[in-house]
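Have a look at the structure below before the remarks.
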Amino acid sequence: MKKALFLLVATAISCNSSQKTVKESTPETSEIASEITYAETITESELKDHLYIYASDEFEGRETGQPGQKKAIAYLKAEYEKLGIPAAKEDGNYFQEVPLEVSKLPIGKLSINGTDFPIGEHVLTFSSADTSVDEIVYIGYGIEDNDYSSYNNIDVTNKIVLLKSGEPIKADGTYVISGTTEKSIWSNMSESLTKRIEIAVDKGAKGVLYYDDANYSRFRRRFEYMKQNNSGRMEVVDKNAPEFYNLFIDQTLAVNILPTIESDNDSKVLNKELKLNFESANDKVSSENVVAMIKGSEKPNEYLVISSHLDHIGITGDGEINNGADDDGSGSVALLEIAEAFKKAADAGNGPKRSIVFLHVTGEEKGLLGSQYYTDVDPIVPLENTVANLNIDMIGRIDPKREGDRNYIYLIGSDKLSIELHNLSEEVNKKYMNIELDYTYNDENDPNRFYYRSDHYNFAKNNIPIIFYFNGTHDDYHKPSDTPDKINYDLLENRSRLIFYTAWEIANRDQKLKVD
């Protein structure tokens, strides 16, 4: 998981708990006997064998672009070859090259009508920018949603636009977008910032000055951390993407540009001379996703993607290896076992009806980069034909809040885009496993923001229904102590089987899932 996720290792009975998980129910009907047979090939012992290798010191913490990550992708490829599951790419290559670069923190300044604002105080950016314009287009909230658009009657082609956070409110206190006293997603910074920028790009703008007084300090803390640690920002390289400048500004600079910005929501052209002069050095990074696929027997052009992230955070400054057994070694080995179960079913002439893509992504810990590249730049299978994404990120441990109540898994996002998927998930669990499905972190107001912090999000933002499976954080999260001996292998087995059964139902049902 971004900020910690790799697991799987220990013994058949986890050494950090002697309590055994409640085993799943096993209905005796012939209707479901076959899938139970395949699910039972997912075992503690095999998960443990995989994880003790995958989360070993030999893999050096699997940091994106580093030798340990190359060992990880070689291991995954070899396992799919052993299973006889082919690569998803037509050329037979299991590796999807993901071009990345590390942008060093820029130096430079922004100038408005000859007044300089050096980077780091009133203006922040995390990449280079070099341009000069004689006008800025103010577009209020920068929203386009059904009957409301900040872009009506104004052209932003090749312009730098100024926009602010929030959303319009009527005189009676109701919100224009929702029509009620409830805020819409446009008041959620985590989700709306990306949407605002995407709209500006689609409208032809060449840059954004984003004013968000409530969150500017958050962006600045990130900037200062990178500055103090002399670190850079790793990003996906998309050679076909237009050059675009993204800057964050504080109240002082926003008011300098438009004194009435707090109360003025009307779009307009501002006659301001703006100069951006930010320089940054970039280092290229080579990395890869690993992608295998079982073709569907009846609906091969409809796809279910099951994902986990193959990377972790590497080696500490003093030489300790972050093995990432739970984060996300657990998800990586679970995905291998789920793939094996589906292959056994396929070999027996038992589906799956839809194609299943087994996607191990790189760069999750650097900002969901491998999944971003897959969805935004080079989807191996069409996104419009992708029926769902089941994402596995940390499923081998117990949240300290759940000690003594261990037969659970956190589910995030199952009801965000498809109630049908949510209901299917609940029914499958009741039918086969009876694990407690805990929705604590599915709350829109969850301060941890887990919905935005793992690879499912890049599918969700493309309107693809998702479920994120997660055991919660623990004291070993993103530490060298996240090791295979601390994994609860009985839980890992049961949770992996739950995901298999859910995938089985999605892949084999008559109608594909409805998107709300």
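By order of appearance in the structure tokens: chains A, B, ..., then residues from 1 within every chain, and ligands from 1 in the order shown.
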Next item on the list: Apply DSSP to the backbone of this structure and, from segment 206-349 of chain A, keep only the residues in helix (DSSP H, G or I); write these as a ChimeraX atom specification.
Entry: /A:216-228,251-257,329-347
Note to self: Excluding Asp116 of chain A and its own-chain neighbours fewer than 6 positions away, which residues fall within 10 Å of it when counting only C-alpha atoms? Please give them as a ChimeraX atom specification.
What the structure shows: /A:108-110,274-276
Would you output that residue set with N, CA and C atoms, as a PDB file, in the first residue's frame?
ATOM      1  N   GLY A 108      13.568  28.425  -8.307  1.00  0.00           N
ATOM      2  CA  GLY A 108      13.109  29.478  -9.197  1.00  0.00           C
ATOM      3  C   GLY A 108      12.040  30.339  -8.570  1.00  0.00           C
ATOM      4  N   LYS A 109      11.282  31.008  -9.426  1.00  0.00           N
ATOM      5  CA  LYS A 109      10.312  31.972  -8.921  1.00  0.00           C
ATOM      6  C   LYS A 109       9.162  32.161  -9.897  1.00  0.00           C
ATOM      7  N   LEU A 110       8.081  32.708  -9.376  1.00  0.00           N
ATOM      8  CA  LEU A 110       6.943  33.186 -10.152  1.00  0.00           C
ATOM      9  C   LEU A 110       6.923  34.698 -10.028  1.00  0.00           C
ATOM     10  N   LEU A 274       2.457  37.383 -16.216  1.00  0.00           N
ATOM     11  CA  LEU A 274       2.889  36.251 -15.392  1.00  0.00           C
ATOM     12  C   LEU A 274       4.113  35.603 -16.020  1.00  0.00           C
ATOM     13  N   LYS A 275       5.132  35.408 -15.202  1.00  0.00           N
ATOM     14  CA  LYS A 275       6.323  34.686 -15.647  1.00  0.00           C
ATOM     15  C   LYS A 275       6.589  33.522 -14.693  1.00  0.00           C
ATOM     16  N   LEU A 276       6.775  32.337 -15.251  1.00  0.00           N
ATOM     17  CA  LEU A 276       7.149  31.163 -14.477  1.00  0.00           C
ATOM     18  C   LEU A 276       8.569  30.789 -14.855  1.00  0.00           C
TER      19      LEU A 276
END
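Atom CA of Lys353 of chain A to atom CA of Pro382 of chain A spans 17.2 Å [interatomic distance, one decimal].
Omitting Trp186 of chain A and its sequence neighbours fewer than 4 positions away, and counting only C-alpha atoms, the residues within 8 Å are Ile143, Ser165, Gly166, Glu167, Glu191 and Ser192 of chain A.
For the residues A:Ser45, A:Asn462, A:Thr440, A:Asn322, ranking by smallest atom-to-atom distance to Thr386 of chain A using only C-alpha atoms places A:Asn462 first.
Once Ile466 of chain A and its same-chain neighbours fewer than 6 positions away are set aside, Val305, Ile306, Val387, Ala388, Asn389, Leu390, Asn391, Ile412, Gly413, Ser414, Asp415, Lys416, Leu417, Ser418, Leu421, His422, His456, Tyr457, Asn458, Phe459 and Ala460 of chain A remain within 10 Å of it when counting only C-alpha atoms.
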Next item on the list: Could you give me, as a ChimeraX atom specification, the residues within 12 Å of Asn494 of chain A, counting only C-alpha atoms and dropping anything in the same chain fewer than 4 positions from it?
Entry: /A:20-25,39-44,47,334,337-338,395-396,406-409,429,432-436,488-490,498-501
Next item on the list: May I have the residues within 7 Å of Leu124 of chain A as a PyMOL selection string, using only C-alpha atoms and disregarding those fewer than 5 positions away in the same chain?
Entry: chain A and resi 119+247-249
Residue subset to file, keeping all heavy atoms, as a tab-separated table (two decimals), in the first residue's frame:
chain	number	residue	atom	x	y	z
A	119	ILE	N	9.95	30.30	-4.97
A	119	ILE	CA	9.33	29.03	-4.63
A	119	ILE	C	9.54	28.71	-3.15
A	119	ILE	O	10.58	29.02	-2.57
A	119	ILE	CB	9.90	27.90	-5.51
A	119	ILE	CG1	9.07	26.61	-5.35
A	119	ILE	CG2	11.36	27.62	-5.19
A	119	ILE	CD1	9.42	25.53	-6.35
A	247	LEU	N	0.69	24.52	-10.33
A	247	LEU	CA	1.25	25.28	-9.21
A	247	LEU	C	0.21	25.49	-8.12
A	247	LEU	O	-0.98	25.67	-8.40
A	247	LEU	CB	1.77	26.64	-9.69
A	247	LEU	CG	2.90	26.59	-10.72
A	247	LEU	CD1	2.33	26.75	-12.13
A	247	LEU	CD2	3.94	27.67	-10.47
A	248	PHE	N	0.68	25.48	-6.88
A	248	PHE	CA	-0.18	25.73	-5.72
A	248	PHE	C	0.21	27.09	-5.15
A	248	PHE	O	1.39	27.38	-4.96
A	248	PHE	CB	0.02	24.65	-4.67
A	248	PHE	CG	-0.20	23.25	-5.20
A	248	PHE	CD1	0.86	22.48	-5.66
A	248	PHE	CD2	-1.48	22.72	-5.26
A	248	PHE	CE1	0.65	21.21	-6.16
A	248	PHE	CE2	-1.70	21.45	-5.76
A	248	PHE	CZ	-0.62	20.69	-6.21
A	249	ILE	N	-0.80	27.92	-4.86
A	249	ILE	CA	-0.52	29.26	-4.36
A	249	ILE	C	-1.28	29.50	-3.06
A	249	ILE	O	-2.32	28.89	-2.81
A	249	ILE	CB	-0.88	30.35	-5.39
A	249	ILE	CG1	-2.38	30.35	-5.71
A	249	ILE	CG2	-0.08	30.13	-6.67
A	249	ILE	CD1	-2.81	31.49	-6.62
Notebook entry, point to check: Within 10 Å of Ser332 of chain A, counting only C-alpha atoms, which residues qualify if same-chain residues fewer than 3 places away don't, as a list of chain:residue names?
Noted result: A:Leu5, A:Phe6, A:Leu7, A:Leu8, A:Leu47, A:His50, A:Leu51, A:Tyr54, A:Ala72, A:Leu76, A:Ser307, A:Ser308, A:His309, A:Leu310, A:Asp311, A:Ala325, A:Asp326, A:Asp327, A:Asp328, A:Gly329, A:Leu335, A:Leu336, A:Glu337, A:Leu359, A:His360, A:Val361, A:Ile392, A:Asp393, A:Met394
With the cut-off set at 10 Å and counting only C-alpha atoms, tabulate each residue of segment 69-100 of chain A with an atom at most that distance from an atom of segment 289-304 of chain A, showing the nearest atom pair and its distance in Å to one decimal, ordered by chain and increasing number, as JSON lines.
{"residue": "A:Ala72", "atom": "CA", "partner": "A:Val290", "partner_atom": "CA", "distance": 9.6}
{"residue": "A:Ile73", "atom": "CA", "partner": "A:Val290", "partner_atom": "CA", "distance": 6.5}
{"residue": "A:Ala74", "atom": "CA", "partner": "A:Val290", "partner_atom": "CA", "distance": 9.1}
{"residue": "A:Leu76", "atom": "CA", "partner": "A:Val290", "partner_atom": "CA", "distance": 7.2}
{"residue": "A:Lys77", "atom": "CA", "partner": "A:Val290", "partner_atom": "CA", "distance": 7.1}
{"residue": "A:Tyr80", "atom": "CA", "partner": "A:Ala292", "partner_atom": "CA", "distance": 7.2}
{"residue": "A:Glu81", "atom": "CA", "partner": "A:Ala292", "partner_atom": "CA", "distance": 9.5}
{"residue": "A:Gly84", "atom": "CA", "partner": "A:Ile294", "partner_atom": "CA", "distance": 9.7}
{"residue": "A:Ile85", "atom": "CA", "partner": "A:Ile294", "partner_atom": "CA", "distance": 6.4}
{"residue": "A:Pro86", "atom": "CA", "partner": "A:Ala292", "partner_atom": "CA", "distance": 5.7}
{"residue": "A:Ala87", "atom": "CA", "partner": "A:Ala292", "partner_atom": "CA", "distance": 4.2}
{"residue": "A:Ala88", "atom": "CA", "partner": "A:Ala292", "partner_atom": "CA", "distance": 4.6}
{"residue": "A:Lys89", "atom": "CA", "partner": "A:Val291", "partner_atom": "CA", "distance": 7.6}
{"residue": "A:Gly92", "atom": "CA", "partner": "A:Ala292", "partner_atom": "CA", "distance": 9.4}
{"residue": "A:Asn93", "atom": "CA", "partner": "A:Val291", "partner_atom": "CA", "distance": 8.6}
{"residue": "A:Tyr94", "atom": "CA", "partner": "A:Val291", "partner_atom": "CA", "distance": 5.4}
{"residue": "A:Phe95", "atom": "CA", "partner": "A:Val290", "partner_atom": "CA", "distance": 4.8}
{"residue": "A:Gln96", "atom": "CA", "partner": "A:Asn289", "partner_atom": "CA", "distance": 5.0}
{"residue": "A:Glu97", "atom": "CA", "partner": "A:Asn289", "partner_atom": "CA", "distance": 6.6}
{"residue": "A:Val98", "atom": "CA", "partner": "A:Asn289", "partner_atom": "CA", "distance": 6.8}
Item checked: DSSP strand (DSSP E) residues within segment 4-242 of chain A, listed as a PyMOL selection string -> chain A and resi 5-7+95-104+107-112+115-118+123-124+129-133+136-138+144-145+148-149+160-164+207-211+232-236
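Distances from A:Gly363, A:Gly61, A:Pro447, A:Gly68 to Arg233 of chain A were compared using only C-alpha atoms, and the smallest one belongs to A:Gly363.
Distances to Phe223 of chain A were evaluated for A:Leu105, A:Ile169, A:Ile199, A:Ala339 using only C-alpha atoms, and the minimum falls at A:Leu105.
Pairwise distance (atom CA of Gln66 of chain A, atom CA of Tyr373 of chain A) equals 18.5 Å.
Take atom CA of Arg196 of chain A and atom CA of Thr125 of chain A: the distance between them is 16.6 Å.
Of the listed residues A:Ala200, A:Ser150, A:Ile380, A:Arg354, the one whose atoms come nearest to Asp266 of chain A is A:Ser150, with distances taken using only C-alpha atoms.
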